[in-house]
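Asker: Enclosed is the structure file work_33.pdb (PDB, C-alpha atoms).
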ATOM      1  CA  MET A1250     -20.109 -26.122 -21.434  1.00  0.00           C
ATOM      2  CA  LEU A1251     -21.691 -24.664 -18.307  1.00  0.00           C
ATOM      3  CA  THR A1252     -18.773 -25.897 -16.210  1.00  0.00           C
ATOM      4  CA  ARG A1253     -16.275 -24.065 -18.437  1.00  0.00           C
ATOM      5  CA  VAL A1254     -18.275 -20.866 -18.193  1.00  0.00           C
ATOM      6  CA  THR A1255     -18.518 -21.240 -14.419  1.00  0.00           C
ATOM      7  CA  LEU A1256     -14.770 -21.856 -14.141  1.00  0.00           C
ATOM      8  CA  ALA A1257     -13.978 -18.883 -16.372  1.00  0.00           C
ATOM      9  CA  ALA A1258     -16.279 -16.627 -14.356  1.00  0.00           C
ATOM     10  CA  THR A1259     -14.767 -17.830 -11.093  1.00  0.00           C
ATOM     11  CA  ALA A1260     -11.251 -17.228 -12.404  1.00  0.00           C
ATOM     12  CA  ALA A1261     -12.215 -13.723 -13.535  1.00  0.00           C
ATOM     13  CA  LEU A1262     -13.691 -12.914 -10.120  1.00  0.00           C
ATOM     14  CA  LEU A1263     -10.553 -14.150  -8.384  1.00  0.00           C
ATOM     15  CA  LEU A1264      -8.376 -12.070 -10.685  1.00  0.00           C
ATOM     16  CA  VAL A1265     -10.451  -8.943 -10.115  1.00  0.00           C
ATOM     17  CA  GLY A1266     -10.546  -9.622  -6.368  1.00  0.00           C
ATOM     18  CA  GLY A1267      -6.795 -10.149  -6.280  1.00  0.00           C
ATOM     19  CA  THR A1268      -6.226  -6.926  -8.173  1.00  0.00           C
ATOM     20  CA  ALA A1269      -8.491  -5.037  -5.780  1.00  0.00           C
ATOM     21  CA  MET A1270      -6.627  -6.511  -2.790  1.00  0.00           C
ATOM     22  CA  ALA A1271      -3.293  -5.493  -4.321  1.00  0.00           C
ATOM     23  CA  GLN A1272      -4.556  -1.948  -4.871  1.00  0.00           C
ATOM     24  CA  ASP A1273      -5.824  -1.817  -1.266  1.00  0.00           C
ATOM     25  CA  SER A1274      -2.353  -2.875  -0.096  1.00  0.00           C
ATOM     26  CA  ILE A1275      -0.719  -0.199  -2.219  1.00  0.00           C
ATOM     27  CA  LYS A1276      -3.025   2.470  -0.792  1.00  0.00           C
ATOM     28  CA  ALA A1277      -2.486   1.262   2.779  1.00  0.00           C
ATOM     29  CA  ARG A1278       1.275   1.295   2.465  1.00  0.00           C
ATOM     30  CA  LYS A1279       1.330   4.676   0.706  1.00  0.00           C
ATOM     31  CA  ASP A1280      -0.840   6.113   3.487  1.00  0.00           C
ATOM     32  CA  GLY A1281       1.424   4.558   6.117  1.00  0.00           C
ATOM     33  CA  PHE A1282       4.598   5.835   4.517  1.00  0.00           C
ATOM     34  CA  GLN A1283       3.069   9.305   4.279  1.00  0.00           C
ATOM     35  CA  THR A1284       2.185   9.113   7.969  1.00  0.00           C
ATOM     36  CA  SER A1285       5.795   8.151   8.717  1.00  0.00           C
ATOM     37  CA  LYS A1286       7.119  10.989   6.588  1.00  0.00           C
ATOM     38  CA  ASN A1287       4.847  13.434   8.409  1.00  0.00           C
ATOM     39  CA  ALA A1288       5.965  12.033  11.767  1.00  0.00           C
ATOM     40  CA  MET A1289       9.617  12.500  10.817  1.00  0.00           C
ATOM     41  CA  ALA A1290       8.966  16.152   9.950  1.00  0.00           C
ATOM     42  CA  GLU A1291       7.012  16.618  13.181  1.00  0.00           C
ATOM     43  CA  ILE A1292       9.824  15.095  15.247  1.00  0.00           C
ATOM     44  CA  LYS A1293      12.427  17.251  13.530  1.00  0.00           C
ATOM     45  CA  ASP A1294      10.392  20.335  14.454  1.00  0.00           C
ATOM     46  CA  LEU A1295       9.866  19.116  18.025  1.00  0.00           C
ATOM     47  CA  LEU A1296      13.562  18.497  18.525  1.00  0.00           C
ATOM     48  CA  GLY A1297      14.348  21.911  17.085  1.00  0.00           C
ATOM     49  CA  SER A1298      11.934  23.459  19.582  1.00  0.00           C
ATOM     50  CA  ASP A1299      13.292  21.481  22.561  1.00  0.00           C
ATOM     51  CA  LYS A1300       9.993  19.610  22.947  1.00  0.00           C
ATOM     52  CA  VAL A1301      11.539  16.183  23.465  1.00  0.00           C
ATOM     53  CA  ALA A1302       8.677  14.918  25.625  1.00  0.00           C
ATOM     54  CA  GLN A1303       6.276  15.342  22.692  1.00  0.00           C
ATOM     55  CA  VAL A1304       8.294  13.118  20.338  1.00  0.00           C
ATOM     56  CA  GLY A1305       6.914   9.865  21.749  1.00  0.00           C
ATOM     57  CA  PRO A1306       3.476   9.848  20.071  1.00  0.00           C
ATOM     58  CA  ALA A1307       4.936  10.527  16.619  1.00  0.00           C
ATOM     59  CA  ALA A1308       7.543   7.795  17.134  1.00  0.00           C
ATOM     60  CA  GLN A1309       4.775   5.424  18.216  1.00  0.00           C
ATOM     61  CA  ARG A1310       2.873   6.079  14.961  1.00  0.00           C
ATOM     62  CA  MET A1311       5.995   5.104  13.053  1.00  0.00           C
ATOM     63  CA  SER A1312       6.616   1.920  15.033  1.00  0.00           C
ATOM     64  CA  ALA A1313       2.974   0.871  14.687  1.00  0.00           C
ATOM     65  CA  PHE A1314       3.149   1.282  10.925  1.00  0.00           C
ATOM     66  CA  ALA A1315       6.551  -0.398  10.705  1.00  0.00           C
ATOM     67  CA  ALA A1316       5.092  -3.537  12.296  1.00  0.00           C
ATOM     68  CA  GLN A1317       2.583  -3.739   9.437  1.00  0.00           C
ATOM     69  CA  ILE A1318       4.995  -3.173   6.561  1.00  0.00           C
ATOM     70  CA  PRO A1319       5.766  -6.831   5.721  1.00  0.00           C
ATOM     71  CA  THR A1320       2.039  -7.597   5.394  1.00  0.00           C
ATOM     72  CA  LEU A1321       1.442  -4.699   2.993  1.00  0.00           C
ATOM     73  CA  PHE A1322       3.405  -6.205   0.123  1.00  0.00           C
ATOM     74  CA  PRO A1323       1.413  -9.306  -0.902  1.00  0.00           C
ATOM     75  CA  ALA A1324       2.080 -11.038  -4.193  1.00  0.00           C
ATOM     76  CA  GLY A1325       0.631  -9.038  -7.055  1.00  0.00           C
ATOM     77  CA  SER A1326       0.984  -5.667  -5.353  1.00  0.00           C
ATOM     78  CA  ASP A1327       4.009  -4.805  -7.449  1.00  0.00           C
ATOM     79  CA  LYS A1328       1.759  -3.524 -10.235  1.00  0.00           C
ATOM     80  CA  GLY A1329       0.014  -0.186 -10.269  1.00  0.00           C
ATOM     81  CA  ASP A1330       0.880   3.157  -8.707  1.00  0.00           C
ATOM     82  CA  THR A1331       3.798   2.006  -6.593  1.00  0.00           C
ATOM     83  CA  LYS A1332       7.501   2.726  -6.236  1.00  0.00           C
ATOM     84  CA  ALA A1333       8.166  -0.719  -4.788  1.00  0.00           C
ATOM     85  CA  LYS A1334      10.971  -2.569  -6.555  1.00  0.00           C
ATOM     86  CA  GLY A1335      10.625  -6.228  -7.457  1.00  0.00           C
ATOM     87  CA  ASP A1336      13.505  -6.973  -5.086  1.00  0.00           C
ATOM     88  CA  ILE A1337      10.977  -6.799  -2.231  1.00  0.00           C
ATOM     89  CA  TRP A1338       9.409 -10.055  -3.360  1.00  0.00           C
ATOM     90  CA  ALA A1339      12.680 -11.623  -4.501  1.00  0.00           C
ATOM     91  CA  ASN A1340      14.394 -10.865  -1.159  1.00  0.00           C
ATOM     92  CA  ASN A1341      11.412 -10.867   1.164  1.00  0.00           C
ATOM     93  CA  ALA A1342      13.321 -12.052   4.239  1.00  0.00           C
ATOM     94  CA  ASP A1343      15.786  -9.157   3.957  1.00  0.00           C
ATOM     95  CA  PHE A1344      12.933  -6.725   3.299  1.00  0.00           C
ATOM     96  CA  ALA A1345      11.098  -7.952   6.410  1.00  0.00           C
ATOM     97  CA  ALA A1346      14.319  -7.632   8.434  1.00  0.00           C
ATOM     98  CA  LYS A1347      14.685  -4.026   7.307  1.00  0.00           C
ATOM     99  CA  ALA A1348      11.080  -3.329   8.323  1.00  0.00           C
ATOM    100  CA  GLN A1349      11.830  -4.856  11.731  1.00  0.00           C
ATOM    101  CA  ALA A1350      14.929  -2.680  12.040  1.00  0.00           C
ATOM    102  CA  TYR A1351      12.776   0.375  11.314  1.00  0.00           C
ATOM    103  CA  GLU A1352      10.263  -0.732  13.946  1.00  0.00           C
ATOM    104  CA  ALA A1353      13.031  -1.279  16.517  1.00  0.00           C
ATOM    105  CA  ALA A1354      14.573   2.110  15.752  1.00  0.00           C
ATOM    106  CA  ALA A1355      11.193   3.835  16.121  1.00  0.00           C
ATOM    107  CA  LYS A1356      10.577   2.059  19.436  1.00  0.00           C
ATOM    108  CA  GLY A1357      14.044   3.139  20.530  1.00  0.00           C
ATOM    109  CA  LEU A1358      13.066   6.685  19.649  1.00  0.00           C
ATOM    110  CA  GLU A1359       9.957   6.378  21.821  1.00  0.00           C
ATOM    111  CA  ALA A1360      12.140   5.243  24.733  1.00  0.00           C
ATOM    112  CA  ALA A1361      14.720   7.968  24.185  1.00  0.00           C
ATOM    113  CA  ALA A1362      12.006  10.629  24.106  1.00  0.00           C
ATOM    114  CA  ALA A1363      10.495   9.241  27.303  1.00  0.00           C
ATOM    115  CA  SER A1364      13.874   9.674  29.010  1.00  0.00           C
ATOM    116  CA  GLY A1365      13.797  13.389  28.264  1.00  0.00           C
ATOM    117  CA  ASP A1366      17.400  13.285  27.034  1.00  0.00           C
ATOM    118  CA  LYS A1367      17.505  15.503  23.936  1.00  0.00           C
ATOM    119  CA  ALA A1368      20.918  14.273  22.760  1.00  0.00           C
ATOM    120  CA  ALA A1369      19.880  10.618  23.026  1.00  0.00           C
ATOM    121  CA  THR A1370      16.588  11.378  21.296  1.00  0.00           C
ATOM    122  CA  ALA A1371      18.331  13.199  18.463  1.00  0.00           C
ATOM    123  CA  LYS A1372      20.784  10.321  18.069  1.00  0.00           C
ATOM    124  CA  GLN A1373      17.941   7.805  17.916  1.00  0.00           C
ATOM    125  CA  PHE A1374      16.051  10.028  15.474  1.00  0.00           C
ATOM    126  CA  ALA A1375      19.085   9.780  13.187  1.00  0.00           C
ATOM    127  CA  ALA A1376      19.000   5.984  13.609  1.00  0.00           C
ATOM    128  CA  VAL A1377      15.361   5.962  12.469  1.00  0.00           C
ATOM    129  CA  GLY A1378      16.354   7.963   9.404  1.00  0.00           C
ATOM    130  CA  GLY A1379      19.127   5.465   8.733  1.00  0.00           C
ATOM    131  CA  ALA A1380      16.683   2.562   8.945  1.00  0.00           C
ATOM    132  CA  CYS A1381      14.403   4.283   6.452  1.00  0.00           C
ATOM    133  CA  LYS A1382      17.301   4.982   4.099  1.00  0.00           C
ATOM    134  CA  ALA A1383      18.604   1.409   4.254  1.00  0.00           C
ATOM    135  CA  CYS A1384      15.286   0.104   3.008  1.00  0.00           C
ATOM    136  CA  HIS A1385      14.650   2.840   0.442  1.00  0.00           C
ATOM    137  CA  GLU A1386      18.073   2.396  -1.156  1.00  0.00           C
ATOM    138  CA  ARG A1387      17.370  -1.211  -2.021  1.00  0.00           C
ATOM    139  CA  TYR A1388      13.614  -1.518  -2.264  1.00  0.00           C
ATOM    140  CA  ARG A1389      12.179   1.829  -3.422  1.00  0.00           C
ATOM    141  CA  ALA A1390      12.366   3.175  -6.956  1.00  0.00           C
ATOM    142  CA  ASP A1391      13.025   6.881  -7.298  1.00  0.00           C
TER     143      ASP A1391
END
Could you quickly redo this structure as structure tokens?

Answerer:
Amino acid sequence: MLTRVTLAATAALLLVGGTAMAQDSIKARKDGFQTSKNAMAEIKDLLGSDKVAQVGPAAQRMSAFAAQIPTLFPAGSDKGDTKAKGDIWANNADFAAKAQAYEAAAKGLEAAAASGDKAATAKQFAAVGGACKACHERYRAD
């Protein structure tokens, strides 16, 4: 009898712990996506003000977050306050590839900004937006 109670208690703790971990992942990814959204707005303003040299730090924040994206969607984190579609877990390799494409585009934006070339920076900024859109179209619910 005691063994059954111990097993049931252990299972309950694991379930609660797993739920807490999933919620932590949801919060971390929501915070990261908000940071990326803010960085995009900041970069748009910087480009509009001809402040190309200042784009780099915002692009770096995006690339740093992008590198974390695949780890922020563990099993079980599809429940709760999230707009993540189930396709993320069903097509995880493609999802990870899209996150890597976003990271590469953001790093390309860092490099373009460092060159001081506004046209190249603007073009790469559009590529970052395209990488975001490619993932959102398939993996984010409206």

Asker: Quick one: which residues end up in the PyMOL selection byres ((chain A and resi 1384) around 12) for this structure, as a VMD selection string?

Answerer: chain A and resid 1315 1318 1333 to 1334 1336 to 1337 1340 to 1341 1343 to 1351 1377 to 1383 1385 to 1390

Asker: Find the residue from A:Ile1275, A:Ala1290, A:Ala1355, A:Ala1302 that sits nearest to Lys1367 of chain A; use all atoms listed in the file when measuring.

Answerer: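 Selected residue with least distance to Lys1367 of chain A: A:Ala1302.
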
Asker: Take atom CA of Thr1284 of chain A and atom CA of Ala1339 of chain A and report the distance between them in Å, one decimal.

Answerer: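 Rounded to one decimal, the two atoms are 26.4 Å apart.
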
Asker: Of the candidates A:Lys1293, A:Lys1332, A:Arg1310, A:Lys1300, which one gets nearest to Lys1372 of chain A if we count only C-alpha atoms?

Answerer: A:Lys1293

Asker: Pick out the closest residue to Trp1338 of chain A from this set: A:Pro1319, A:Glu1352, A:Gln1283, A:Met1289. Count all atoms listed in the file.

Answerer: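 The answer is A:Pro1319, which sits nearest to Trp1338 of chain A.
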
Asker: How would you write as a PDB file with C-alpha atoms, keeping the file's coordinate frame the residues that get within 7 Å of (7.6, -0.5, 16.6) in the file's frame, counting only C-alpha atoms?

Answerer:
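out.pdb was written with the following content:
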ATOM      1  CA  GLN A1309       4.775   5.424  18.216  1.00  0.00           C
ATOM      2  CA  MET A1311       5.995   5.104  13.053  1.00  0.00           C
ATOM      3  CA  SER A1312       6.616   1.920  15.033  1.00  0.00           C
ATOM      4  CA  ALA A1313       2.974   0.871  14.687  1.00  0.00           C
ATOM      5  CA  ALA A1315       6.551  -0.398  10.705  1.00  0.00           C
ATOM      6  CA  ALA A1316       5.092  -3.537  12.296  1.00  0.00           C
ATOM      7  CA  GLU A1352      10.263  -0.732  13.946  1.00  0.00           C
ATOM      8  CA  ALA A1353      13.031  -1.279  16.517  1.00  0.00           C
ATOM      9  CA  ALA A1355      11.193   3.835  16.121  1.00  0.00           C
ATOM     10  CA  LYS A1356      10.577   2.059  19.436  1.00  0.00           C
TER      11      LYS A1356
END

Asker: So how many Å separate atom CA of Ala1354 of chain A and atom CA of Phe1374 of chain A, to one decimal?

Answerer: 8.1 Å

Asker: Using only C-alpha atoms, find all polymer residues with an atom at most 7 Å away from the point (7.4, 7.3, 23.3); report them as a tab-separated table (two decimals) with C-alpha atoms, in the coordinates of the input.

Answerer:
chain	number	residue	atom	x	y	z
A	1304	VAL	CA	8.29	13.12	20.34
A	1305	GLY	CA	6.91	9.86	21.75
A	1306	PRO	CA	3.48	9.85	20.07
A	1308	ALA	CA	7.54	7.80	17.13
A	1309	GLN	CA	4.78	5.42	18.22
A	1358	LEU	CA	13.07	6.68	19.65
A	1359	GLU	CA	9.96	6.38	21.82
A	1360	ALA	CA	12.14	5.24	24.73
A	1362	ALA	CA	12.01	10.63	24.11
A	1363	ALA	CA	10.50	9.24	27.30

Asker: In Å, how far is it from atom CA of Phe1314 of chain A to atom CA of Asp1327 of chain A?

Answerer: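 Atom-to-atom, atom CA of Phe1314 of chain A and atom CA of Asp1327 of chain A are spaced 19.4 Å apart.
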
Asker: Between A:Ser1274, A:Ala1361, A:Gly1281, A:Asp1391, single out the one closest to Lys1328 of chain A, counting only C-alpha atoms.

Answerer: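 Of all the options, A:Ser1274 lies closest to Lys1328 of chain A.
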